[in-house]
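Structure file model22.cif with mmCIF, C-alpha atoms:
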```
data_target
#
loop_
_atom_site.label_atom_id
_atom_site.label_comp_id
_atom_site.auth_asym_id
_atom_site.auth_seq_id
_atom_site.Cartn_x
_atom_site.Cartn_y
_atom_site.Cartn_z
CA MET Q 1 0.08 -38.19 -109.50
CA GLN Q 2 -0.08 -36.32 -106.19
CA LYS Q 3 -0.91 -38.48 -103.21
CA LYS Q 4 -4.20 -38.03 -101.44
CA SER Q 5 -3.78 -36.10 -98.19
CA ALA Q 6 -4.58 -39.12 -96.02
CA GLU Q 7 -1.79 -41.09 -97.72
CA SER Q 8 0.83 -38.34 -97.47
CA THR Q 9 3.45 -38.23 -94.75
CA PRO Q 10 3.49 -35.24 -92.36
CA GLU Q 11 6.52 -33.87 -94.22
CA GLU Q 12 4.76 -34.20 -97.58
CA LYS Q 13 1.66 -32.48 -96.19
CA ARG Q 14 3.81 -29.66 -94.85
CA ARG Q 15 5.54 -29.23 -98.21
CA GLN Q 16 2.18 -29.16 -100.01
CA ARG Q 17 0.88 -26.50 -97.60
CA PHE Q 18 4.01 -24.40 -98.09
CA GLU Q 19 3.62 -24.69 -101.87
CA ARG Q 20 0.03 -23.45 -101.66
CA TRP Q 21 1.10 -20.56 -99.43
CA LEU Q 22 3.81 -19.66 -101.93
CA SER Q 23 1.46 -19.84 -104.91
CA PRO Q 24 -2.05 -18.99 -103.65
CA PRO Q 25 -4.65 -20.10 -106.21
CA GLY Q 26 -6.77 -17.46 -107.87
CA VAL Q 27 -4.60 -14.50 -106.82
CA LYS Q 28 -3.84 -11.92 -109.52
CA PHE Q 29 -0.81 -9.98 -108.37
CA SER Q 30 -0.73 -6.30 -109.27
CA SER Q 31 2.59 -6.72 -111.08
CA PRO Q 32 5.38 -9.22 -111.69
CA GLU Q 33 7.39 -7.34 -109.06
CA ALA Q 34 4.58 -7.82 -106.53
CA GLU Q 35 4.48 -11.56 -107.21
CA GLU Q 36 8.25 -11.81 -106.87
CA GLY Q 37 8.12 -9.83 -103.62
CA TYR Q 38 5.35 -12.05 -102.26
CA LYS Q 39 7.28 -15.25 -102.93
CA LYS Q 40 10.42 -13.74 -101.46
CA ARG Q 41 8.65 -12.78 -98.24
CA VAL Q 42 6.88 -16.12 -97.84
CA THR Q 43 10.15 -17.96 -98.50
CA ARG Q 44 11.77 -15.81 -95.82
CA PHE Q 45 9.22 -17.02 -93.26
CA ILE Q 46 9.33 -20.65 -94.40
CA LYS Q 47 13.11 -20.82 -94.05
CA ALA Q 48 13.11 -19.15 -90.64
CA MET Q 49 10.39 -21.51 -89.40
CA SER Q 50 12.34 -24.47 -90.75
CA LEU Q 51 15.53 -23.37 -88.91
CA GLU Q 52 17.25 -22.44 -92.14
CA LYS Q 53 18.91 -19.16 -93.07
CA PRO Q 54 16.71 -16.91 -95.20
CA ASP Q 55 18.15 -13.94 -97.10
CA ARG Q 56 17.55 -11.87 -93.96
CA VAL Q 57 15.68 -11.97 -90.66
CA PRO Q 58 11.90 -11.73 -91.32
CA VAL Q 59 9.96 -8.94 -89.63
CA ILE Q 60 6.37 -8.89 -88.34
CA LEU Q 61 5.59 -5.33 -87.30
CA PRO Q 62 3.54 -5.45 -84.05
CA VAL Q 63 0.99 -2.99 -85.35
CA GLY Q 64 -2.22 -3.72 -83.43
CA GLY Q 65 -4.55 -0.72 -83.45
CA LEU Q 66 -1.81 1.81 -84.20
CA PRO Q 67 -3.21 2.65 -87.68
CA LEU Q 68 -6.31 4.11 -85.98
CA TYR Q 69 -4.25 6.27 -83.63
CA HIS Q 70 -2.04 7.32 -86.55
CA ALA Q 71 -5.12 8.31 -88.57
CA GLY Q 72 -6.61 10.30 -85.70
CA ILE Q 73 -9.71 8.16 -85.16
CA THR Q 74 -10.82 6.21 -82.10
CA LEU Q 75 -11.52 2.51 -81.87
CA LYS Q 76 -15.13 3.35 -81.07
CA GLU Q 77 -15.44 5.32 -84.32
CA ALA Q 78 -13.75 2.53 -86.25
CA MET Q 79 -16.12 -0.08 -84.81
CA HIS Q 80 -19.05 1.87 -86.22
CA ASP Q 81 -17.55 2.77 -89.62
CA ASN Q 82 -15.79 0.04 -91.59
CA LYS Q 83 -14.85 2.42 -94.41
CA ARG Q 84 -12.89 4.71 -92.09
CA LEU Q 85 -11.43 1.64 -90.40
CA CYS Q 86 -10.11 0.21 -93.67
CA GLN Q 87 -8.88 3.57 -94.91
CA ALA Q 88 -6.82 3.98 -91.75
CA TYR Q 89 -5.18 0.58 -92.27
CA ARG Q 90 -4.77 1.22 -96.00
CA ASP Q 91 -2.96 4.52 -95.39
CA PHE Q 92 -0.78 2.91 -92.71
CA PHE Q 93 0.10 0.01 -95.00
CA LYS Q 94 1.29 2.42 -97.70
CA GLU Q 95 3.59 4.15 -95.21
CA PHE Q 96 4.91 1.27 -93.07
CA LYS Q 97 6.06 -1.89 -94.84
CA GLY Q 98 7.19 -5.07 -93.08
CA ASP Q 99 7.29 -8.63 -94.41
CA THR Q 100 3.57 -9.00 -93.83
CA TYR Q 101 0.71 -6.57 -93.34
CA ALA Q 102 -1.58 -5.48 -90.53
CA SER Q 103 -5.20 -6.35 -91.19
CA PRO Q 104 -8.26 -4.49 -89.89
CA GLY Q 105 -9.93 -7.89 -89.51
CA MET Q 106 -9.47 -7.94 -85.74
CA VAL Q 107 -11.81 -4.96 -85.36
CA PHE Q 108 -15.40 -6.18 -85.26
CA SER Q 109 -18.69 -4.40 -85.80
CA ALA Q 110 -20.04 -2.85 -82.62
CA ARG Q 111 -23.56 -3.10 -84.03
CA ALA Q 112 -23.19 -6.83 -84.68
CA SER Q 113 -22.13 -7.41 -81.07
CA GLU Q 114 -25.01 -5.28 -79.85
CA ILE Q 115 -27.47 -7.27 -81.98
CA ILE Q 116 -26.30 -10.57 -80.52
CA ASN Q 117 -25.80 -9.00 -77.05
CA SER Q 118 -22.32 -10.33 -76.41
CA ILE Q 119 -22.00 -10.85 -72.66
CA SER Q 120 -18.41 -12.12 -72.92
CA SER Q 121 -17.08 -8.96 -74.61
CA LYS Q 122 -16.55 -5.31 -73.78
CA TRP Q 123 -15.69 -2.54 -76.23
CA PRO Q 124 -15.54 1.26 -76.27
CA GLY Q 125 -18.97 2.61 -75.41
CA HIS Q 126 -20.13 -0.80 -74.23
CA GLY Q 127 -18.56 -1.59 -70.87
CA LEU Q 128 -15.44 0.46 -71.65
CA SER Q 129 -14.88 4.20 -71.87
CA ASP Q 130 -15.41 5.84 -75.25
CA ASP Q 131 -11.68 6.52 -75.61
CA ALA Q 132 -10.57 2.94 -74.85
CA SER Q 133 -8.20 1.54 -77.46
CA VAL Q 134 -8.89 -2.16 -76.88
CA GLN Q 135 -11.64 -4.74 -77.08
CA GLN Q 136 -11.82 -7.02 -74.04
CA PHE Q 137 -12.95 -10.56 -73.39
CA VAL Q 138 -14.99 -10.90 -70.21
CA GLU Q 139 -13.95 -14.02 -68.37
CA GLY Q 140 -16.68 -15.72 -66.43
CA GLU Q 141 -17.82 -19.04 -64.98
CA TYR Q 142 -19.79 -19.99 -68.10
CA MET Q 143 -19.59 -23.64 -67.04
CA LYS Q 144 -20.35 -24.48 -63.42
CA ALA Q 145 -18.15 -26.68 -61.29
CA ASP Q 146 -20.69 -29.51 -61.32
CA GLU Q 147 -21.22 -29.48 -65.11
CA TYR Q 148 -18.16 -31.43 -66.25
CA ASP Q 149 -20.29 -34.52 -66.82
CA VAL Q 150 -22.70 -32.52 -68.99
CA LEU Q 151 -19.81 -31.30 -71.11
CA LEU Q 152 -18.21 -34.73 -71.32
CA LYS Q 153 -21.46 -36.49 -72.23
CA ASP Q 154 -22.23 -34.24 -75.21
CA PRO Q 155 -20.07 -31.14 -75.83
CA SER Q 156 -22.26 -30.00 -78.74
CA ASP Q 157 -25.37 -30.07 -76.58
CA PHE Q 158 -23.53 -28.24 -73.81
CA CYS Q 159 -22.43 -25.51 -76.22
CA PHE Q 160 -25.95 -25.10 -77.63
CA ARG Q 161 -28.04 -25.17 -74.44
CA TYR Q 162 -25.57 -23.89 -71.83
CA TYR Q 163 -22.66 -21.95 -73.30
CA LEU Q 164 -24.46 -19.89 -75.96
CA PRO Q 165 -27.30 -18.76 -73.65
CA ARG Q 166 -24.76 -17.67 -71.02
CA THR Q 167 -22.42 -15.73 -73.34
CA LEU Q 168 -24.80 -14.25 -75.94
CA GLY Q 169 -27.79 -12.57 -74.39
CA ALA Q 170 -29.85 -12.68 -77.58
CA LEU Q 171 -29.62 -16.50 -77.49
CA ALA Q 172 -30.60 -16.94 -73.85
CA THR Q 173 -33.77 -18.72 -75.01
CA PHE Q 174 -31.71 -21.64 -76.36
CA ALA Q 175 -31.71 -22.95 -72.81
CA ASN Q 176 -35.37 -23.89 -73.42
CA PHE Q 177 -34.54 -26.49 -76.07
CA SER Q 178 -34.40 -30.22 -75.46
CA PRO Q 179 -30.99 -31.95 -75.60
CA LEU Q 180 -29.67 -31.97 -79.17
CA PRO Q 181 -29.84 -35.78 -79.64
CA TYR Q 182 -33.62 -35.53 -79.21
CA ILE Q 183 -33.71 -34.22 -82.78
CA LEU Q 184 -33.44 -37.84 -83.89
CA GLY Q 185 -36.91 -39.21 -84.44
CA MET Q 186 -38.72 -36.06 -83.35
CA PRO Q 187 -37.32 -32.99 -85.20
CA ASN Q 188 -40.66 -31.16 -85.08
CA ARG Q 189 -40.98 -31.55 -81.32
CA PHE Q 190 -37.40 -30.38 -80.88
CA LEU Q 191 -38.38 -27.11 -82.58
CA MET Q 192 -41.46 -26.56 -80.38
CA PRO Q 193 -39.78 -23.77 -78.36
CA ALA Q 194 -40.03 -21.69 -81.55
CA VAL Q 195 -43.72 -21.15 -80.73
CA MET Q 196 -42.52 -18.64 -78.13
CA PRO Q 197 -42.01 -15.10 -79.51
CA GLU Q 198 -38.78 -14.69 -77.56
CA VAL Q 199 -37.29 -17.80 -79.24
CA ARG Q 200 -38.22 -16.49 -82.66
CA ALA Q 201 -36.57 -13.22 -81.68
CA SER Q 202 -33.37 -15.16 -80.98
CA PHE Q 203 -33.33 -16.58 -84.48
CA GLN Q 204 -34.11 -13.15 -85.91
CA ALA Q 205 -31.10 -11.82 -84.01
CA ILE Q 206 -28.94 -14.47 -85.72
CA ILE Q 207 -30.27 -13.37 -89.12
CA ASP Q 208 -29.67 -9.70 -88.32
CA TYR Q 209 -26.20 -10.49 -86.97
CA GLY Q 210 -25.38 -12.36 -90.16
CA LYS Q 211 -26.51 -9.49 -92.39
CA GLU Q 212 -24.57 -6.92 -90.40
CA THR Q 213 -21.41 -9.03 -90.30
CA ALA Q 214 -21.56 -9.80 -94.03
CA ASP Q 215 -21.78 -6.08 -94.82
CA TRP Q 216 -19.05 -5.30 -92.29
CA MET Q 217 -16.62 -7.82 -93.74
CA LYS Q 218 -16.84 -6.74 -97.39
CA PRO Q 219 -14.36 -3.83 -97.27
CA LEU Q 220 -12.13 -5.70 -94.82
CA MET Q 221 -11.84 -8.63 -97.21
CA GLU Q 222 -11.18 -6.21 -100.05
CA PHE Q 223 -8.33 -4.70 -98.05
CA ASP Q 224 -6.79 -8.14 -97.45
CA ARG Q 225 -7.06 -8.92 -101.17
CA GLU Q 226 -5.32 -5.66 -102.09
CA ALA Q 227 -2.46 -6.31 -99.65
CA LEU Q 228 -2.01 -9.82 -100.99
CA GLU Q 229 -2.02 -8.69 -104.60
CA ALA Q 230 0.57 -6.04 -103.71
CA GLY Q 231 2.88 -8.84 -102.63
CA TYR Q 232 2.45 -9.01 -98.87
CA PRO Q 233 1.47 -12.32 -97.24
CA SER Q 234 -0.69 -12.81 -94.19
CA ILE Q 235 0.92 -14.54 -91.23
CA PHE Q 236 -2.48 -15.74 -90.01
CA GLY Q 237 -3.84 -19.04 -91.29
CA GLY Q 238 -5.92 -20.63 -88.55
CA GLN Q 239 -6.32 -20.61 -84.81
CA SER Q 240 -6.58 -23.18 -82.08
CA HIS Q 241 -6.18 -23.42 -78.29
CA ALA Q 242 -4.46 -25.34 -75.57
CA PRO Q 243 -7.14 -27.51 -73.90
CA PHE Q 244 -6.36 -26.00 -70.49
CA ASP Q 245 -6.99 -22.52 -71.90
CA ILE Q 246 -10.29 -23.55 -73.51
CA LEU Q 247 -11.53 -24.54 -70.07
CA GLY Q 248 -9.79 -21.79 -68.12
CA ASP Q 249 -10.54 -18.87 -70.44
CA THR Q 250 -13.81 -19.85 -72.05
CA LEU Q 251 -15.67 -22.02 -69.57
CA ARG Q 252 -14.53 -22.17 -65.96
CA GLY Q 253 -12.62 -18.89 -65.57
CA THR Q 254 -9.26 -18.52 -63.81
CA LYS Q 255 -10.58 -19.01 -60.28
CA GLY Q 256 -12.76 -21.92 -61.30
CA ILE Q 257 -10.12 -23.93 -63.13
CA PHE Q 258 -7.49 -23.49 -60.43
CA MET Q 259 -10.01 -24.70 -57.86
CA ASP Q 260 -10.69 -27.69 -60.12
CA MET Q 261 -6.97 -28.55 -60.17
CA TYR Q 262 -7.30 -29.29 -56.45
CA ARG Q 263 -10.93 -30.36 -56.05
CA GLN Q 264 -11.59 -32.44 -59.18
CA PRO Q 265 -8.31 -32.91 -61.08
CA GLU Q 266 -9.40 -36.11 -62.83
CA LYS Q 267 -12.54 -34.49 -64.28
CA LEU Q 268 -10.40 -31.61 -65.50
CA LYS Q 269 -7.94 -33.96 -67.16
CA GLU Q 270 -10.73 -35.98 -68.74
CA ALA Q 271 -12.25 -32.83 -70.23
CA MET Q 272 -8.88 -31.69 -71.58
CA GLU Q 273 -8.31 -35.07 -73.22
CA MET Q 274 -11.71 -34.77 -74.89
CA LEU Q 275 -10.76 -31.35 -76.30
CA ILE Q 276 -7.55 -32.52 -78.01
CA GLN Q 277 -9.03 -33.77 -81.27
CA MET Q 278 -11.42 -30.84 -81.54
CA ASN Q 279 -8.57 -28.36 -81.32
CA ILE Q 280 -6.58 -30.26 -83.94
CA GLU Q 281 -9.55 -30.33 -86.31
CA VAL Q 282 -10.36 -26.63 -85.82
CA GLY Q 283 -6.79 -25.61 -86.62
CA VAL Q 284 -6.57 -27.85 -89.69
CA HIS Q 285 -9.95 -26.69 -90.99
CA MET Q 286 -9.03 -23.01 -90.75
CA ALA Q 287 -5.63 -23.63 -92.36
CA ASN Q 288 -7.36 -25.46 -95.21
CA VAL Q 289 -9.83 -22.62 -95.75
CA SER Q 290 -7.21 -19.86 -95.64
CA GLY Q 291 -4.64 -21.74 -97.70
CA ARG Q 292 -1.95 -20.86 -95.17
CA PRO Q 293 -0.27 -23.54 -93.00
CA LEU Q 294 0.04 -21.41 -89.87
CA VAL Q 295 -2.13 -22.13 -86.82
CA PHE Q 296 -2.00 -19.48 -84.10
CA PHE Q 297 -2.30 -20.17 -80.36
CA ALA Q 298 -2.72 -17.47 -77.70
CA LEU Q 299 -1.40 -19.17 -74.57
CA HIS Q 300 -2.86 -17.44 -71.54
CA LYS Q 301 -2.58 -19.62 -68.48
CA GLY Q 302 0.72 -21.43 -69.04
CA ASP Q 303 2.76 -18.41 -67.96
CA ASP Q 304 5.33 -18.84 -65.15
CA THR Q 305 3.23 -16.84 -62.68
CA PHE Q 306 0.04 -18.86 -63.12
CA MET Q 307 1.26 -22.27 -62.02
CA SER Q 308 4.36 -24.14 -60.90
CA GLU Q 309 6.53 -26.21 -63.23
CA LYS Q 310 5.10 -29.36 -61.67
CA GLN Q 311 1.54 -28.17 -62.31
CA TYR Q 312 2.44 -27.13 -65.85
CA GLU Q 313 3.83 -30.59 -66.58
CA GLU Q 314 0.79 -32.28 -65.05
CA PHE Q 315 -2.11 -30.13 -66.23
CA TYR Q 316 -1.09 -27.87 -69.11
CA TRP Q 317 1.63 -29.41 -71.27
CA PRO Q 318 0.49 -33.02 -71.89
CA THR Q 319 -2.75 -32.25 -73.76
CA PHE Q 320 -1.36 -29.08 -75.35
CA ARG Q 321 1.59 -31.06 -76.70
CA LYS Q 322 -0.81 -33.60 -78.24
CA VAL Q 323 -2.65 -30.80 -80.06
CA ILE Q 324 0.67 -29.45 -81.38
CA LEU Q 325 1.76 -32.89 -82.58
CA GLY Q 326 -1.61 -33.49 -84.22
CA LEU Q 327 -1.26 -30.27 -86.22
CA ILE Q 328 2.31 -31.12 -87.18
CA ASP Q 329 1.09 -34.51 -88.44
CA GLU Q 330 -1.30 -32.61 -90.72
CA GLY Q 331 1.51 -30.49 -92.13
CA CYS Q 332 0.58 -27.33 -90.23
CA VAL Q 333 2.97 -24.98 -88.44
CA PRO Q 334 1.79 -24.11 -84.92
CA ILE Q 335 2.52 -20.47 -83.99
CA LEU Q 336 2.69 -20.57 -80.19
CA PHE Q 337 2.27 -17.13 -78.62
CA ALA Q 338 3.53 -17.54 -75.06
CA GLU Q 339 2.04 -14.52 -73.32
CA GLY Q 340 3.75 -13.35 -70.16
CA LYS Q 341 6.92 -15.20 -69.12
CA TYR Q 342 7.96 -18.71 -70.14
CA ASN Q 343 11.44 -18.69 -68.58
CA ASN Q 344 10.64 -21.73 -66.41
CA ARG Q 345 9.05 -23.63 -69.30
CA LEU Q 346 11.88 -23.61 -71.85
CA GLU Q 347 13.31 -27.03 -71.01
CA ILE Q 348 9.81 -28.55 -70.98
CA ILE Q 349 8.60 -27.13 -74.28
CA LYS Q 350 11.74 -28.26 -76.09
CA ASP Q 351 10.12 -31.70 -76.27
CA LEU Q 352 8.80 -31.23 -79.82
CA PRO Q 353 10.03 -32.28 -83.27
CA ARG Q 354 12.82 -30.08 -84.61
CA GLY Q 355 11.92 -27.18 -86.88
CA LYS Q 356 8.15 -27.71 -86.82
CA VAL Q 357 6.83 -24.86 -84.64
CA MET Q 358 7.38 -21.17 -83.99
CA TRP Q 359 7.49 -19.89 -80.42
CA HIS Q 360 6.45 -16.24 -80.19
CA PHE Q 361 7.59 -14.93 -76.81
CA ASP Q 362 6.24 -11.92 -74.96
CA GLN Q 363 8.42 -11.27 -71.88
CA THR Q 364 10.56 -14.41 -71.93
CA ASP Q 365 14.35 -13.99 -71.81
CA MET Q 366 15.08 -14.32 -75.54
CA PHE Q 367 18.78 -14.96 -75.11
CA ARG Q 368 18.07 -17.91 -72.83
CA ALA Q 369 15.35 -19.06 -75.21
CA LYS Q 370 17.90 -19.06 -78.04
CA GLU Q 371 20.32 -21.04 -75.91
CA ILE Q 372 17.80 -23.72 -75.02
CA LEU Q 373 15.48 -23.80 -78.07
CA GLY Q 374 17.69 -22.42 -80.82
CA ASP Q 375 18.53 -25.78 -82.34
CA ASN Q 376 14.96 -27.04 -81.96
CA ALA Q 377 12.43 -24.32 -82.84
CA CYS Q 378 12.07 -20.97 -84.54
CA ILE Q 379 11.74 -18.19 -81.97
CA ALA Q 380 10.24 -14.72 -82.33
CA GLY Q 381 9.21 -11.71 -80.29
CA ASN Q 382 10.33 -9.97 -77.10
CA VAL Q 383 10.60 -6.38 -78.38
CA SER Q 384 8.54 -5.01 -75.50
CA ALA Q 385 5.38 -2.98 -75.98
CA SER Q 386 6.65 -0.46 -73.42
CA LEU Q 387 9.83 0.12 -75.43
CA LEU Q 388 7.85 0.50 -78.64
CA ARG Q 389 5.31 2.79 -76.95
CA THR Q 390 7.67 5.09 -75.00
CA GLY Q 391 11.19 4.47 -76.31
CA THR Q 392 13.09 6.34 -78.99
CA PRO Q 393 13.72 4.93 -82.48
CA GLN Q 394 17.42 4.74 -81.60
CA ALA Q 395 16.70 2.65 -78.48
CA VAL Q 396 14.38 0.35 -80.42
CA LYS Q 397 16.90 -0.13 -83.21
CA GLU Q 398 19.70 -0.90 -80.77
CA TYR Q 399 17.62 -3.49 -78.91
CA CYS Q 400 16.60 -5.11 -82.18
CA ARG Q 401 20.25 -5.23 -83.21
CA LYS Q 402 21.11 -7.20 -80.06
CA LEU Q 403 18.24 -9.62 -80.67
CA ILE Q 404 19.28 -10.17 -84.29
CA GLU Q 405 22.94 -10.71 -83.47
CA VAL Q 406 22.22 -13.26 -80.72
CA CYS Q 407 18.88 -14.85 -81.55
CA GLY Q 408 19.31 -14.61 -85.31
CA GLU Q 409 22.60 -16.49 -85.29
CA GLY Q 410 22.32 -19.43 -87.67
CA GLY Q 411 18.70 -18.66 -88.62
CA GLY Q 412 15.45 -19.63 -86.95
CA PHE Q 413 14.55 -16.13 -85.72
CA ILE Q 414 11.73 -13.70 -86.59
CA LEU Q 415 11.87 -10.11 -85.35
CA THR Q 416 8.60 -8.89 -83.85
CA GLY Q 417 7.11 -7.38 -80.73
CA GLY Q 418 6.30 -9.13 -77.50
CA ALA Q 419 2.79 -7.74 -78.00
CA SER Q 420 1.11 -5.39 -80.44
CA ILE Q 421 0.76 -1.68 -79.72
CA ASP Q 422 -2.23 0.62 -80.10
CA ARG Q 423 -0.48 3.94 -79.51
CA GLY Q 424 3.03 5.33 -79.65
CA ASP Q 425 5.58 6.64 -82.12
CA PRO Q 426 5.21 4.89 -85.49
CA ALA Q 427 8.86 5.72 -86.17
CA ASN Q 428 9.73 2.90 -83.76
CA LEU Q 429 8.28 0.43 -86.26
CA ARG Q 430 10.50 1.90 -88.96
CA ALA Q 431 13.43 1.40 -86.59
CA MET Q 432 12.59 -2.31 -86.32
CA MET Q 433 12.54 -2.68 -90.08
CA GLU Q 434 15.77 -0.74 -90.46
CA ALA Q 435 17.47 -2.96 -87.89
CA ALA Q 436 16.52 -6.09 -89.85
CA GLU Q 437 17.68 -4.61 -93.14
CA GLU Q 438 20.98 -3.39 -91.70
CA TYR Q 439 21.90 -6.14 -89.26
CA GLY Q 440 19.76 -9.13 -90.25
CA VAL Q 441 21.14 -10.01 -93.68
CA TYR Q 442 22.64 -13.50 -93.88
CA ASP Q 443 25.73 -14.25 -95.95
#
```
Once more with this new file: its structure as structure tokens, please.
Amino acid sequence: MQKKSAESTPEEKRRQRFERWLSPPGVKFSSPEAEEGYKKRVTRFIKAMSLEKPDRVPVILPVGGLPLYHAGITLKEAMHDNKRLCQAYRDFFKEFKGDTYASPGMVFSARASEIINSISSKWPGHGLSDDASVQQFVEGEYMKADEYDVLLKDPSDFCFRYYLPRTLGALATFANFSPLPYILGMPNRFLMPAVMPEVRASFQAIIDYGKETADWMKPLMEFDREALEAGYPSIFGGQSHAPFDILGDTLRGTKGIFMDMYRQPEKLKEAMEMLIQMNIEVGVHMANVSGRPLVFFALHKGDDTFMSEKQYEEFYWPTFRKVILGLIDEGCVPILFAEGKYNNRLEIIKDLPRGKVMWHFDQTDMFRAKEILGDNACIAGNVSASLLRTGTPQAVKEYCRKLIEVCGEGGGFILTGGASIDRGDPANLRAMMEAAEEYGVYD
């Protein structure tokens, strides 16, 4: 009899998650060959992440929005037409095969964002030029410097009555509600703001947003199902955040949080400690729902240029490390995307259990990362977006060869870009795949 999850050891939980990833329930593969290919690709990732030698170096093509550019449509057009969006990714998938697939799921409905009036986002035709190829998060001071105590007292109430009204214009009226705990004993009085037409309009916006998003997601989910049934796994399971980044990106903004490091460091640390368990639970929940053990982190403010090593060790790493360890205890594999440079962090971040995480590096010196982390963690990345965007296939293939020969030595390496690309020569992605197939085969 299989142990209940709460009784299982972290290693047993990890093994169970890997088994589910290898044999996803309810999936009908298009052929026996597709099923065999799927298991082979997933096994390739599992072995690399576990610091073992797979049959060859796994490859994650850093596709981004390139399928749109390749299909001759703009991001703005794609954000208003999910059928053209999915067709572009479907055609690209047929032509460019890696060990996983690029999903159109990162492209959201422009209409849905307009309905909810997203203040914290910009997209082509809405804050950005019509020909922009990216969607942008708008950083702001969505929590004021004197509101730490409000957040600490009741984070749910803060999110409902402060954060939502400040980031989603259609929900600005939520600021009129009483504190959430007042629901107890007086639910009808709590709902009294609904007598105002503008409050009812907010709830109608939620309904309209839900309808639009449900319709938008149907073909995107169908695409993901097709790719899976064809034998290609998704590398995305769940997502979580470093506590410092939750506060710095989402609430206080860059200027605000760096002021807090000097003016109210203890409040900042208290808030980060409070966010540890939430970030563990979010990552575990999403991994459970997806059936994949991987929990992705986009690390924005831990880069070498944002703070000193001393500051990183005091403010960023302690709570972030606790989140990582909490996910490892639940059998998950944290995928840690270190944006920018982490050259001065390598000795610090080595302080994690062996073979339990994957570090995806952007501009970090990969050869030094292999030297310091190679016997401790799987490493990936560093094929620069500029090389992929402007370089020749020969230059890309040669650089990938060097990465494979050095960083792939002994296993524990995944070939991918430092960041995804939206434009450029698609032949450079073929060059990456060719490099892995020619130089990345293990004996």
### Query
Taking (-29.9, -11.5, -77.2) in the file's coordinates, which residues come within 6 Å, counting only C-alpha atoms, written as a list of chain:residue names?
Q:Ile116, Q:Asn117, Q:Leu168, Q:Gly169, Q:Ala170, Q:Leu171
Restricted to C-alpha atoms, what would the selected residues look like written as a PDB file, in the coordinates of the input?
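Result file out04.pdb:
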```
ATOM      1  CA  ILE Q 116     -26.300 -10.570 -80.520  1.00  0.00           C
ATOM      2  CA  ASN Q 117     -25.800  -9.000 -77.050  1.00  0.00           C
ATOM      3  CA  LEU Q 168     -24.800 -14.250 -75.940  1.00  0.00           C
ATOM      4  CA  GLY Q 169     -27.790 -12.570 -74.390  1.00  0.00           C
ATOM      5  CA  ALA Q 170     -29.850 -12.680 -77.580  1.00  0.00           C
ATOM      6  CA  LEU Q 171     -29.620 -16.500 -77.490  1.00  0.00           C
TER       7      LEU Q 171
END
```
### Message
When you look at Thr9 in chain Q with a cut-off of 12 Å (counting only C-alpha atoms), what residues show up, excluding the ones that are within fewer than 6 positions of it in the same chain? I need them as a list of chain:residue names.
### Response
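That gives Q:Lys3, Q:Arg15, Q:Gln16, Q:Ile328, Q:Asp329, Q:Glu330, Q:Gly331.
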### Task
Check which residues satisfy the PyMOL selection byres ((chain Q and resi 260-273) around 8) in the file shown, then give them as a PyMOL selection string.
chain Q and resi 145+148+151-152+243-244+247+256-259+274-276+315+319
### Task
Could you list the residues chosen by the PyMOL selection byres ((chain Q and resi 367) around 8) in this structure as an MDAnalysis selection string?
chainID Q and resid 365:366 368:371 403 406:407
Please produce a file of the residues just selected, as an mmCIF file, in the frame of the given file, where the atoms kept are C-alpha atoms.
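Generated output (again.cif):
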```
data_model
loop_
_atom_site.group_PDB
_atom_site.id
_atom_site.type_symbol
_atom_site.label_atom_id
_atom_site.label_comp_id
_atom_site.auth_asym_id
_atom_site.auth_seq_id
_atom_site.Cartn_x
_atom_site.Cartn_y
_atom_site.Cartn_z
ATOM 1 C CA ASP Q 365 14.350 -13.990 -71.810
ATOM 2 C CA MET Q 366 15.080 -14.320 -75.540
ATOM 3 C CA ARG Q 368 18.070 -17.910 -72.830
ATOM 4 C CA ALA Q 369 15.350 -19.060 -75.210
ATOM 5 C CA LYS Q 370 17.900 -19.060 -78.040
ATOM 6 C CA GLU Q 371 20.320 -21.040 -75.910
ATOM 7 C CA LEU Q 403 18.240 -9.620 -80.670
ATOM 8 C CA VAL Q 406 22.220 -13.260 -80.720
ATOM 9 C CA CYS Q 407 18.880 -14.850 -81.550
#
```
### Query
Nearest to Lys40 in chain Q among Q:Pro25, Q:Arg20, Q:Trp123, Q:Gly231, with distances taken over all atoms listed in the file: which residue is it?
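Of Q:Pro25, Q:Arg20, Q:Trp123, Q:Gly231, the one nearest Lys40 in chain Q, counting all atoms listed in the file, is Q:Gly231.
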### Query
Which value, in Å to one decimal, gives the distance between CA of His360 in chain Q and CA of Phe337 in chain Q?
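CA of His360 in chain Q sits 4.6 Å away from CA of Phe337 in chain Q.
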Val333 in chain Q environment, 9 Å, all atoms listed in the file, sequence neighbours closer than 6 positions dropped, as a short mmCIF file (atom, residue, chain, number, x, y, z; two decimals) with C-alpha atoms, keeping the file's coordinate frame:
```
data_model
loop_
_atom_site.label_atom_id
_atom_site.label_comp_id
_atom_site.auth_asym_id
_atom_site.auth_seq_id
_atom_site.Cartn_x
_atom_site.Cartn_y
_atom_site.Cartn_z
CA ARG Q 14 3.81 -29.66 -94.85
CA MET Q 49 10.39 -21.51 -89.40
CA PRO Q 293 -0.27 -23.54 -93.00
CA LEU Q 294 0.04 -21.41 -89.87
CA VAL Q 295 -2.13 -22.13 -86.82
CA PHE Q 296 -2.00 -19.48 -84.10
CA ILE Q 324 0.67 -29.45 -81.38
CA LEU Q 327 -1.26 -30.27 -86.22
CA LYS Q 356 8.15 -27.71 -86.82
CA VAL Q 357 6.83 -24.86 -84.64
CA MET Q 358 7.38 -21.17 -83.99
#
```
